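Q: Below you will find the structure I want to go over with you.
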Amino acid sequence: MQPFSFEVIKTCAQTGARLGVLHTPHGDIETPCYMPVGTRATVKAMSPRDLLDVDAPIILSNTYHLYLRPGHELVREAGGLHSFMAWPRPILTDSGGFQVFSLGDTNRVYEDGVEFRSHIDGGKHLFTPEKVMQIEQALGADIAMCFDECAPYPSDEPYTKAAMLRTHRWAKRCQQAHTGHDQALFGIVQGGMYASLRIESAKAIADMDFIGNAIGGLSVGEPKGMMYDMLEAMMPFMPPGKPRYLMGVGSPDCLIEGVIRGADMFDCVLQTRIARNGLALTHFGRRMLRNKEFARDFSPIDENCACYACKNFTRAYIRHLIKAKEILAAQLLSIHNIYYTLHCMKEIREAIKEDRLLRLRGEWAARGGMD
RNA sequence: GUGGGUAUAGUUCAGAUGGUUAGAAUGCCAGAUUGUGGCUCUGGAGGUCGUGGGUUCAAAUCCCAUUACCCACC
């Protein structure tokens with residue numbers, strides 16, 4: 001039996017949305033799905049027990065960070081990421097392509113790869129497609145991402161095109177260097193904010209026949225409308241029989257807009273990052289629980305939520321924890337934000353099943369949940 | 001009781017020789033955050049300079065008195 005397969009169970013009658021299941025060695029993932037981010041082999045402020053409790057189907061981790069610390073060979077010695085971090089469900093590792101460019105202050109791009117300095121100790125390193133494949137295979141996630149170049153926003157067309165073509169060549173090298181069948185490799189489409197490049201990139205990556213295809217280089221600071229335009233331009237060229245992963249997205253509004261345009265997988269640090277700063281996502285929009293208006297508010301974070309934090313604690317208590325800089329504030333808000341986002345995805349899947357995805361979007365907008 | 005010291009933002013403190021609108025940190029209030037350099041960044045409000053006199057064109061700053069607290073000695 002194939003360790004990986006993707007079934008499209010239903011295609012939405014009104015939009016480009018699809019309902020599907022992605023089968024992996026560590027379990028099945030219903031799509032569209034949201035994947036919490038655990039950059040350094042931990043979803044910040046959440047234990048695997050918390051993640052199972054909110055029923056996260058899959059989590060992300062990061063090649064760049066784990067390579068620098070503790071080192072991929074150490075993770076291999078530990079028996080791979082699943083064993084090392086005690087997470088039984090699927091894992092996807094990002095390739096580090098994004099981090100090399102967003103974190104490395106002195107990186108240099110060559111045809112062979114990228115030379116960068118560690119943000120931890122300043123040490124010099126070289127990432128090539130082959131090296132990244134070696135690292136990702138040592139980490140042993142279910143899904144590995146190709147090493148790509150994410151051009152910064154804004155970038156001019158000539159540079160964006162050069163980075164895109166380099167990404168295609170690197171994708172080919174990743175594919176050749178990637179061996180074994182217990183890990184799926186996904187290709188990444190680039191092309192910046194140029195529709196013609198997006199289409200060209202989608203076709204090129206599709207031709208390489210990866211198990212799944214990702215959309216990179218979006219949600220990097222551009223207006224949301226621009227991101228949606230890019231998705232609409234490229235989606236007809238993204239193979240319908242394979243999962244489409246929109247990298248780095250997103251907030252609840254971007255999730256439903258992405259699904260409507262045909263994306264199946266999403267990841268985003270927003271949920272856990274804003275949780276650590278006292279912000280909760282709710283059915284009625286974002287709530288800054290740090291604010292004084294909640295000092296004597298003894299209702300739950302979100303009155304319509306069934307998560308552990310909402311069932312047991314009040315806004316007043318969580319505000320107190322935030323003001324006192326207690327760790328539990330980040331824990332409870334992370335649990336809530338992840339639970340809430342996973343719940344949104346569940347609502348989206350139900351709506352696709354019942355052909356009412358556009359109505360769901362209208363309902364979210366009406367109650368303020370798209371803010 | 002005697003001698004000395006301190007008193008400036010909610011708090012801890014900066015403010016040479018007197019000179020525009022008295023600063024910082026922290027706290028407080030509010031924003032930001034989208035393939036994460038975890039606990040960050042940005043902005044805002046907040047002070048009759050212990051009190052009362054005096055000198056001076058001008059006093060947080062110099063002089064006198066007074067109050068509170070701290071230290072030493074009796």
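In the structure tokens, chains take the letters A, B, ... in the order shown, each chain's residues start at 1, and ligands count up from 1 in the order shown.
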Using only C-alpha atoms (C1' of nucleotides), which residues sit within 12 Å of B:A25 once same-chain residues fewer than 4 positions away are excluded, as a ChimeraX atom specification?

A: /B:9,11-14

Q: Next, write the just-selected residues to a file, as a short mmCIF file (atom, residue, chain, number, x, y, z; two decimals), in the first residue's frame, keeping all heavy atoms as the atom set.

A:
```cif
data_model
loop_
_atom_site.label_atom_id
_atom_site.label_comp_id
_atom_site.auth_asym_id
_atom_site.auth_seq_id
_atom_site.Cartn_x
_atom_site.Cartn_y
_atom_site.Cartn_z
P A B 9 8.17 62.20 41.72
OP1 A B 9 7.10 61.90 42.69
OP2 A B 9 9.38 61.36 41.66
"O5'" A B 9 7.52 62.22 40.26
"C5'" A B 9 6.27 62.85 40.05
"C4'" A B 9 5.43 62.03 39.09
"O4'" A B 9 6.07 62.09 37.78
"C3'" A B 9 5.31 60.56 39.46
"O3'" A B 9 4.00 60.09 39.19
"C2'" A B 9 6.28 59.87 38.52
"O2'" A B 9 5.85 58.57 38.18
"C1'" A B 9 6.20 60.77 37.29
N9 A B 9 7.35 60.71 36.39
C8 A B 9 8.55 60.07 36.55
N7 A B 9 9.36 60.17 35.52
C5 A B 9 8.65 60.93 34.62
C6 A B 9 8.95 61.41 33.33
N6 A B 9 10.09 61.16 32.70
N1 A B 9 8.01 62.15 32.71
C2 A B 9 6.86 62.39 33.33
N3 A B 9 6.45 62.01 34.55
C4 A B 9 7.41 61.28 35.14
P U B 11 5.10 56.98 44.26
OP1 U B 11 5.07 56.99 45.74
OP2 U B 11 5.56 58.18 43.51
"O5'" U B 11 5.97 55.74 43.78
"C5'" U B 11 5.84 54.47 44.44
"C4'" U B 11 6.83 53.50 43.85
"O4'" U B 11 6.53 53.31 42.45
"C3'" U B 11 8.28 53.98 43.86
"O3'" U B 11 8.91 53.72 45.11
"C2'" U B 11 8.89 53.17 42.73
"O2'" U B 11 9.15 51.84 43.12
"C1'" U B 11 7.74 53.16 41.71
N1 U B 11 7.82 54.26 40.73
C2 U B 11 8.74 54.12 39.69
O2 U B 11 9.47 53.16 39.59
N3 U B 11 8.75 55.15 38.79
C4 U B 11 7.96 56.28 38.81
O4 U B 11 8.08 57.11 37.91
C5 U B 11 7.07 56.36 39.92
C6 U B 11 7.02 55.37 40.82
P U B 12 10.16 54.64 45.55
OP1 U B 12 10.54 54.23 46.93
OP2 U B 12 9.85 56.06 45.26
"O5'" U B 12 11.32 54.18 44.56
"C5'" U B 12 11.89 52.87 44.67
"C4'" U B 12 13.00 52.73 43.65
"O4'" U B 12 12.43 52.77 42.32
"C3'" U B 12 14.02 53.86 43.64
"O3'" U B 12 15.01 53.69 44.66
"C2'" U B 12 14.60 53.75 42.24
"O2'" U B 12 15.53 52.70 42.14
"C1'" U B 12 13.35 53.39 41.42
N1 U B 12 12.71 54.59 40.84
C2 U B 12 13.15 55.01 39.60
O2 U B 12 14.05 54.44 38.99
N3 U B 12 12.53 56.12 39.10
C4 U B 12 11.51 56.85 39.70
O4 U B 12 11.05 57.82 39.14
C5 U B 12 11.12 56.35 40.99
C6 U B 12 11.72 55.26 41.50
P C B 13 15.85 55.00 45.15
OP1 C B 13 17.14 54.54 45.69
OP2 C B 13 14.96 55.84 45.98
"O5'" C B 13 16.06 55.74 43.75
"C5'" C B 13 17.09 56.66 43.57
"C4'" C B 13 17.40 56.69 42.09
"O4'" C B 13 16.17 56.56 41.32
"C3'" C B 13 17.99 57.99 41.57
"O3'" C B 13 19.39 58.05 41.80
"C2'" C B 13 17.68 57.90 40.08
"O2'" C B 13 18.58 57.05 39.41
"C1'" C B 13 16.29 57.27 40.10
N1 C B 13 15.19 58.25 40.01
C2 C B 13 14.99 58.90 38.79
O2 C B 13 15.74 58.63 37.83
N3 C B 13 14.00 59.81 38.67
C4 C B 13 13.22 60.07 39.71
N4 C B 13 12.25 60.97 39.55
C5 C B 13 13.39 59.43 40.98
C6 C B 13 14.40 58.54 41.08
P A B 14 20.14 59.50 42.01
OP1 A B 14 21.38 59.23 42.74
OP2 A B 14 19.15 60.48 42.57
"O5'" A B 14 20.56 59.98 40.54
"C5'" A B 14 19.64 60.08 39.57
"C4'" A B 14 20.23 60.36 38.22
"O4'" A B 14 19.15 60.20 37.30
"C3'" A B 14 20.72 61.81 38.01
"O3'" A B 14 22.11 61.92 38.28
"C2'" A B 14 20.41 62.03 36.53
"O2'" A B 14 21.38 61.45 35.68
"C1'" A B 14 19.09 61.27 36.39
N9 A B 14 17.92 62.11 36.72
C8 A B 14 17.19 62.14 37.87
N7 A B 14 16.19 62.99 37.85
C5 A B 14 16.28 63.57 36.59
C6 A B 14 15.53 64.55 35.93
N6 A B 14 14.48 65.16 36.46
N1 A B 14 15.89 64.90 34.68
C2 A B 14 16.95 64.30 34.12
N3 A B 14 17.75 63.36 34.63
C4 A B 14 17.35 63.03 35.88
#
```

Q: Can you check which residues of chain A have any atom within 6 Å of chain B? Use only C-alpha atoms (C1' of nucleotides) and format it as an MDAnalysis selection string.

A: chainID A and resid 247:250 268:270

Q: Name all residues at most 8 Å from stretch 339-350 of chain A (count only C-alpha atoms (C1' of nucleotides); drop same-chain ones fewer than 2 positions away) and give them as a PDB file with N, CA, C and O atoms, in the first residue's frame.

A:
```
ATOM      1  N   LEU A  19     -12.975  19.052  -0.584  1.00  0.00           N
ATOM      2  CA  LEU A  19     -12.945  18.313   0.666  1.00  0.00           C
ATOM      3  C   LEU A  19     -12.121  17.073   0.374  1.00  0.00           C
ATOM      4  O   LEU A  19     -12.344  16.419  -0.648  1.00  0.00           O
ATOM      5  N   THR A  31      -8.854  17.389   4.855  1.00  0.00           N
ATOM      6  CA  THR A  31      -8.568  18.722   4.309  1.00  0.00           C
ATOM      7  C   THR A  31      -9.876  19.365   3.854  1.00  0.00           C
ATOM      8  O   THR A  31     -10.829  18.648   3.542  1.00  0.00           O
ATOM      9  N   PRO A  32      -9.909  20.685   3.823  1.00  0.00           N
ATOM     10  CA  PRO A  32      -8.844  21.637   4.149  1.00  0.00           C
ATOM     11  C   PRO A  32      -8.445  21.566   5.629  1.00  0.00           C
ATOM     12  O   PRO A  32      -9.290  21.346   6.478  1.00  0.00           O
ATOM     13  N   CYS A  33      -7.150  21.771   5.885  1.00  0.00           N
ATOM     14  CA  CYS A  33      -6.662  21.681   7.256  1.00  0.00           C
ATOM     15  C   CYS A  33      -5.760  22.851   7.623  1.00  0.00           C
ATOM     16  O   CYS A  33      -5.161  23.486   6.758  1.00  0.00           O
ATOM     17  N   TYR A  34      -5.729  23.124   8.925  1.00  0.00           N
ATOM     18  CA  TYR A  34      -4.797  24.114   9.463  1.00  0.00           C
ATOM     19  C   TYR A  34      -3.758  23.359  10.281  1.00  0.00           C
ATOM     20  O   TYR A  34      -4.107  22.485  11.076  1.00  0.00           O
ATOM     21  N   VAL A  54      -6.806  19.405  21.543  1.00  0.00           N
ATOM     22  CA  VAL A  54      -7.525  20.275  20.597  1.00  0.00           C
ATOM     23  C   VAL A  54      -7.675  19.573  19.239  1.00  0.00           C
ATOM     24  O   VAL A  54      -8.264  20.117  18.326  1.00  0.00           O
ATOM     25  N   ASP A  55      -7.122  18.359  19.149  1.00  0.00           N
ATOM     26  CA  ASP A  55      -7.248  17.513  17.968  1.00  0.00           C
ATOM     27  C   ASP A  55      -6.548  18.086  16.733  1.00  0.00           C
ATOM     28  O   ASP A  55      -7.102  18.084  15.634  1.00  0.00           O
ATOM     29  N   ALA A  56      -5.324  18.569  16.943  1.00  0.00           N
ATOM     30  CA  ALA A  56      -4.516  19.023  15.802  1.00  0.00           C
ATOM     31  C   ALA A  56      -4.131  17.785  14.996  1.00  0.00           C
ATOM     32  O   ALA A  56      -3.578  16.839  15.546  1.00  0.00           O
ATOM     33  N   PRO A 252      -8.210  33.694  10.157  1.00  0.00           N
ATOM     34  CA  PRO A 252      -9.445  33.024   9.741  1.00  0.00           C
ATOM     35  C   PRO A 252      -9.979  33.511   8.389  1.00  0.00           C
ATOM     36  O   PRO A 252     -10.411  32.705   7.555  1.00  0.00           O
ATOM     37  N   LEU A 255      -7.927  32.041   5.649  1.00  0.00           N
ATOM     38  CA  LEU A 255      -8.151  30.600   5.528  1.00  0.00           C
ATOM     39  C   LEU A 255      -9.353  30.325   4.633  1.00  0.00           C
ATOM     40  O   LEU A 255      -9.270  29.543   3.691  1.00  0.00           O
ATOM     41  N   ILE A 256     -10.467  30.978   4.917  1.00  0.00           N
ATOM     42  CA  ILE A 256     -11.670  30.681   4.125  1.00  0.00           C
ATOM     43  C   ILE A 256     -11.506  31.207   2.695  1.00  0.00           C
ATOM     44  O   ILE A 256     -11.920  30.558   1.738  1.00  0.00           O
ATOM     45  N   GLN A 271      -1.584  32.445  15.244  1.00  0.00           N
ATOM     46  CA  GLN A 271      -2.381  31.979  16.374  1.00  0.00           C
ATOM     47  C   GLN A 271      -1.576  31.927  17.673  1.00  0.00           C
ATOM     48  O   GLN A 271      -2.023  32.400  18.719  1.00  0.00           O
ATOM     49  N   LEU A 281      -8.394  35.039  19.279  1.00  0.00           N
ATOM     50  CA  LEU A 281      -9.270  35.013  18.102  1.00  0.00           C
ATOM     51  C   LEU A 281     -10.621  34.510  18.602  1.00  0.00           C
ATOM     52  O   LEU A 281     -10.672  33.538  19.352  1.00  0.00           O
ATOM     53  N   THR A 282     -11.699  35.169  18.194  1.00  0.00           N
ATOM     54  CA  THR A 282     -13.014  34.706  18.634  1.00  0.00           C
ATOM     55  C   THR A 282     -14.006  34.780  17.479  1.00  0.00           C
ATOM     56  O   THR A 282     -13.697  35.340  16.426  1.00  0.00           O
ATOM     57  N   CYS A 305     -17.162  29.060  22.458  1.00  0.00           N
ATOM     58  CA  CYS A 305     -16.056  28.117  22.275  1.00  0.00           C
ATOM     59  C   CYS A 305     -16.076  27.038  23.353  1.00  0.00           C
ATOM     60  O   CYS A 305     -16.414  27.308  24.502  1.00  0.00           O
ATOM     61  N   CYS A 307     -13.318  25.074  24.094  1.00  0.00           N
ATOM     62  CA  CYS A 307     -11.957  24.643  24.414  1.00  0.00           C
ATOM     63  C   CYS A 307     -11.733  24.624  25.928  1.00  0.00           C
ATOM     64  O   CYS A 307     -12.506  25.196  26.694  1.00  0.00           O
ATOM     65  N   ILE A 335      -3.844  27.502  23.467  1.00  0.00           N
ATOM     66  CA  ILE A 335      -4.826  26.412  23.363  1.00  0.00           C
ATOM     67  C   ILE A 335      -6.100  26.947  22.706  1.00  0.00           C
ATOM     68  O   ILE A 335      -6.630  26.352  21.768  1.00  0.00           O
ATOM     69  N   HIS A 336      -6.540  28.097  23.180  1.00  0.00           N
ATOM     70  CA  HIS A 336      -7.775  28.656  22.619  1.00  0.00           C
ATOM     71  C   HIS A 336      -7.631  29.009  21.132  1.00  0.00           C
ATOM     72  O   HIS A 336      -8.473  28.624  20.318  1.00  0.00           O
ATOM     73  N   ASN A 337      -6.583  29.746  20.790  1.00  0.00           N
ATOM     74  CA  ASN A 337      -6.436  30.188  19.401  1.00  0.00           C
ATOM     75  C   ASN A 337      -6.277  29.014  18.424  1.00  0.00           C
ATOM     76  O   ASN A 337      -6.786  29.061  17.310  1.00  0.00           O
ATOM     77  N   ILE A 352     -18.428  22.879   3.008  1.00  0.00           N
ATOM     78  CA  ILE A 352     -18.155  22.357   1.661  1.00  0.00           C
ATOM     79  C   ILE A 352     -19.063  21.139   1.414  1.00  0.00           C
ATOM     80  O   ILE A 352     -19.671  20.997   0.364  1.00  0.00           O
ATOM     81  N   LYS A 353     -19.149  20.294   2.446  1.00  0.00           N
ATOM     82  CA  LYS A 353     -19.975  19.083   2.357  1.00  0.00           C
ATOM     83  C   LYS A 353     -21.409  19.453   1.980  1.00  0.00           C
ATOM     84  O   LYS A 353     -22.063  18.776   1.200  1.00  0.00           O
ATOM     85  N   GLU A 354     -21.856  20.563   2.555  1.00  0.00           N
ATOM     86  CA  GLU A 354     -23.267  20.947   2.367  1.00  0.00           C
ATOM     87  C   GLU A 354     -23.455  22.061   1.343  1.00  0.00           C
ATOM     88  O   GLU A 354     -24.515  22.700   1.311  1.00  0.00           O
ATOM     89  N   LEU A 357     -20.470  27.088   1.427  1.00  0.00           N
ATOM     90  CA  LEU A 357     -19.227  27.739   1.852  1.00  0.00           C
ATOM     91  C   LEU A 357     -19.327  29.262   1.757  1.00  0.00           C
ATOM     92  O   LEU A 357     -18.857  29.975   2.635  1.00  0.00           O
ATOM     93  N   LEU A 360     -21.259  30.533   4.584  1.00  0.00           N
ATOM     94  CA  LEU A 360     -20.449  30.528   5.813  1.00  0.00           C
ATOM     95  C   LEU A 360     -19.567  31.771   5.865  1.00  0.00           C
ATOM     96  O   LEU A 360     -19.437  32.425   6.896  1.00  0.00           O
TER      97      LEU A 360
END
```

Q: Select, from A:Ala316, A:Pro3, A:Met288, A:Leu246, the residue with the minimum atom-to-atom distance to B:A32, counting only C-alpha atoms (C1' of nucleotides).

A: A:Met288

Q: Write out as a list in words which residues come within 9 Å of A:Pro90 when counting only C-alpha atoms (C1' of nucleotides), dropping same-chain ones fewer than 2 positions away.

A: Thr24, Pro25, His26, Gly27, Asp28, Ile29, Pro57, Ile58, Ile59, Leu60, His82, Trp87, Pro88, Leu92, Ala141, Asp142 and Ile143 of chain A

Q: I need the chosen residues saved as a short mmCIF file (atom, residue, chain, number, x, y, z; two decimals), in the first residue's frame, with N, CA and C atoms.

A:
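The new file result.cif reads:
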```cif
data_model
loop_
_atom_site.label_atom_id
_atom_site.label_comp_id
_atom_site.auth_asym_id
_atom_site.auth_seq_id
_atom_site.Cartn_x
_atom_site.Cartn_y
_atom_site.Cartn_z
N THR A 24 -1.12 9.58 5.43
CA THR A 24 0.32 9.60 5.71
C THR A 24 0.66 8.42 6.63
N PRO A 25 1.94 8.13 6.78
CA PRO A 25 2.32 7.00 7.66
C PRO A 25 1.89 7.20 9.11
N HIS A 26 1.68 8.46 9.52
CA HIS A 26 1.27 8.68 10.91
C HIS A 26 -0.19 9.06 11.04
N GLY A 27 -0.96 8.78 10.02
CA GLY A 27 -2.39 9.02 10.14
C GLY A 27 -2.96 9.86 9.01
N ASP A 28 -4.27 9.93 9.00
CA ASP A 28 -4.99 10.66 7.96
C ASP A 28 -5.26 12.09 8.38
N ILE A 29 -5.29 12.97 7.39
CA ILE A 29 -5.55 14.38 7.64
C ILE A 29 -6.71 14.80 6.75
N PRO A 57 -4.44 17.75 13.70
CA PRO A 57 -4.18 16.55 12.91
C PRO A 57 -2.71 16.41 12.49
N ILE A 58 -2.01 17.52 12.41
CA ILE A 58 -0.63 17.53 11.91
C ILE A 58 0.01 18.82 12.39
N ILE A 59 1.30 18.81 12.64
CA ILE A 59 1.98 20.04 13.01
C ILE A 59 3.21 20.25 12.12
N LEU A 60 3.71 21.46 12.14
CA LEU A 60 4.89 21.81 11.36
C LEU A 60 6.11 21.86 12.25
N HIS A 82 9.33 12.56 15.47
CA HIS A 82 8.15 12.04 16.19
C HIS A 82 8.55 11.52 17.56
N TRP A 87 5.42 13.22 19.57
CA TRP A 87 4.20 13.58 18.84
C TRP A 87 3.86 12.43 17.89
N PRO A 88 2.71 11.79 18.10
CA PRO A 88 2.39 10.58 17.34
C PRO A 88 1.77 10.81 15.97
N LEU A 92 5.12 17.96 9.31
CA LEU A 92 5.64 18.51 8.05
C LEU A 92 6.82 19.40 8.42
N ALA A 141 10.26 13.80 9.14
CA ALA A 141 8.84 14.18 9.13
C ALA A 141 8.11 13.40 8.04
N ASP A 142 6.79 13.40 8.10
CA ASP A 142 6.01 12.71 7.07
C ASP A 142 6.09 13.46 5.75
N ILE A 143 6.11 14.79 5.85
CA ILE A 143 6.16 15.60 4.64
C ILE A 143 7.35 16.55 4.73
#
```

Q: If you run DSSP on this backbone, which residues of stretch 72-183 of chain A come out as strand (DSSP E), and could you give them as a list in words?

A: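 Those in stretch 72-183 of chain A that DSSP calls strand (DSSP E) are Ile91, Leu92, Thr93, Asp94, Arg108, Val109, Val114, Glu115, Phe116, Arg117, Lys124, His125, Leu126, Phe127, Ile143, Ala144 and Met145 of chain A.
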
Q: From a DSSP pass on the backbone, collect the residues of stretch 20-166 of chain A flagged as helix (DSSP H, G or I) and hand them back as a VMD selection string.

A: chain A and resid 48 to 53 63 to 68 72 to 77 81 to 85 97 to 102 129 to 139 157 to 166

Q: Which residues are near B:U8? Cut-off 12 Å, only C-alpha atoms (C1' of nucleotides), ignore same chain within fewer than 3 positions. Put them as a ChimeraX atom specification.

A: /B:12-15,22-23,47,49-50,60-61

Q: Using only C-alpha atoms (C1' of nucleotides), please write the residues we just selected to a file, as a CSV table (one decimal), in the first residue's frame.

A:
```csv
chain,number,residue,atom,x,y,z
B,12,U,C1',13.4,53.4,41.4
B,13,C,C1',16.3,57.3,40.1
B,14,A,C1',19.1,61.3,36.4
B,15,G,C1',19.0,66.4,36.3
B,22,A,C1',12.1,68.9,34.0
B,23,G,C1',14.4,63.3,31.5
B,47,G,C1',5.2,65.6,37.7
B,49,C,C1',10.4,69.2,41.6
B,50,G,C1',8.1,67.6,50.4
B,60,A,C1',14.3,71.4,40.9
B,61,U,C1',19.2,74.0,41.4
```

Q: Contacts of stretch 63-75 of chain A at 8 Å or less, counting only C-alpha atoms (C1' of nucleotides), minus same-chain residues fewer than 2 places along, as an MDAnalysis selection string?

A: chainID A and resid 39:41 61 77:81 84 93:97 99:100 118 120 132 135:136 138:139

Q: For A:Met265, which of A:Asn312, A:Asn213, A:Ser219, A:Asn291 is the closest residue, counting only C-alpha atoms?

A: A:Asn213

Q: Write out as a PyMOL selection string which residues come within 12 Å of stretch 1-7 of chain B when counting only C-alpha atoms (C1' of nucleotides), dropping same-chain ones fewer than 6 positions away.

A: chain B and resi 49-51+60+67-74

Q: May I ask which of the residues B:C64, B:G52, B:C57, B:G27 is the closest one to A:Lys323, counting only C-alpha atoms (C1' of nucleotides)?

A: B:G27

Q: Hey, can you check how far atom CA of A:Pro223 sits from atom CA of A:Arg198?

A: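 Spanning atom CA of A:Pro223 to atom CA of A:Arg198 is a straight-line distance of 16.7 Å.
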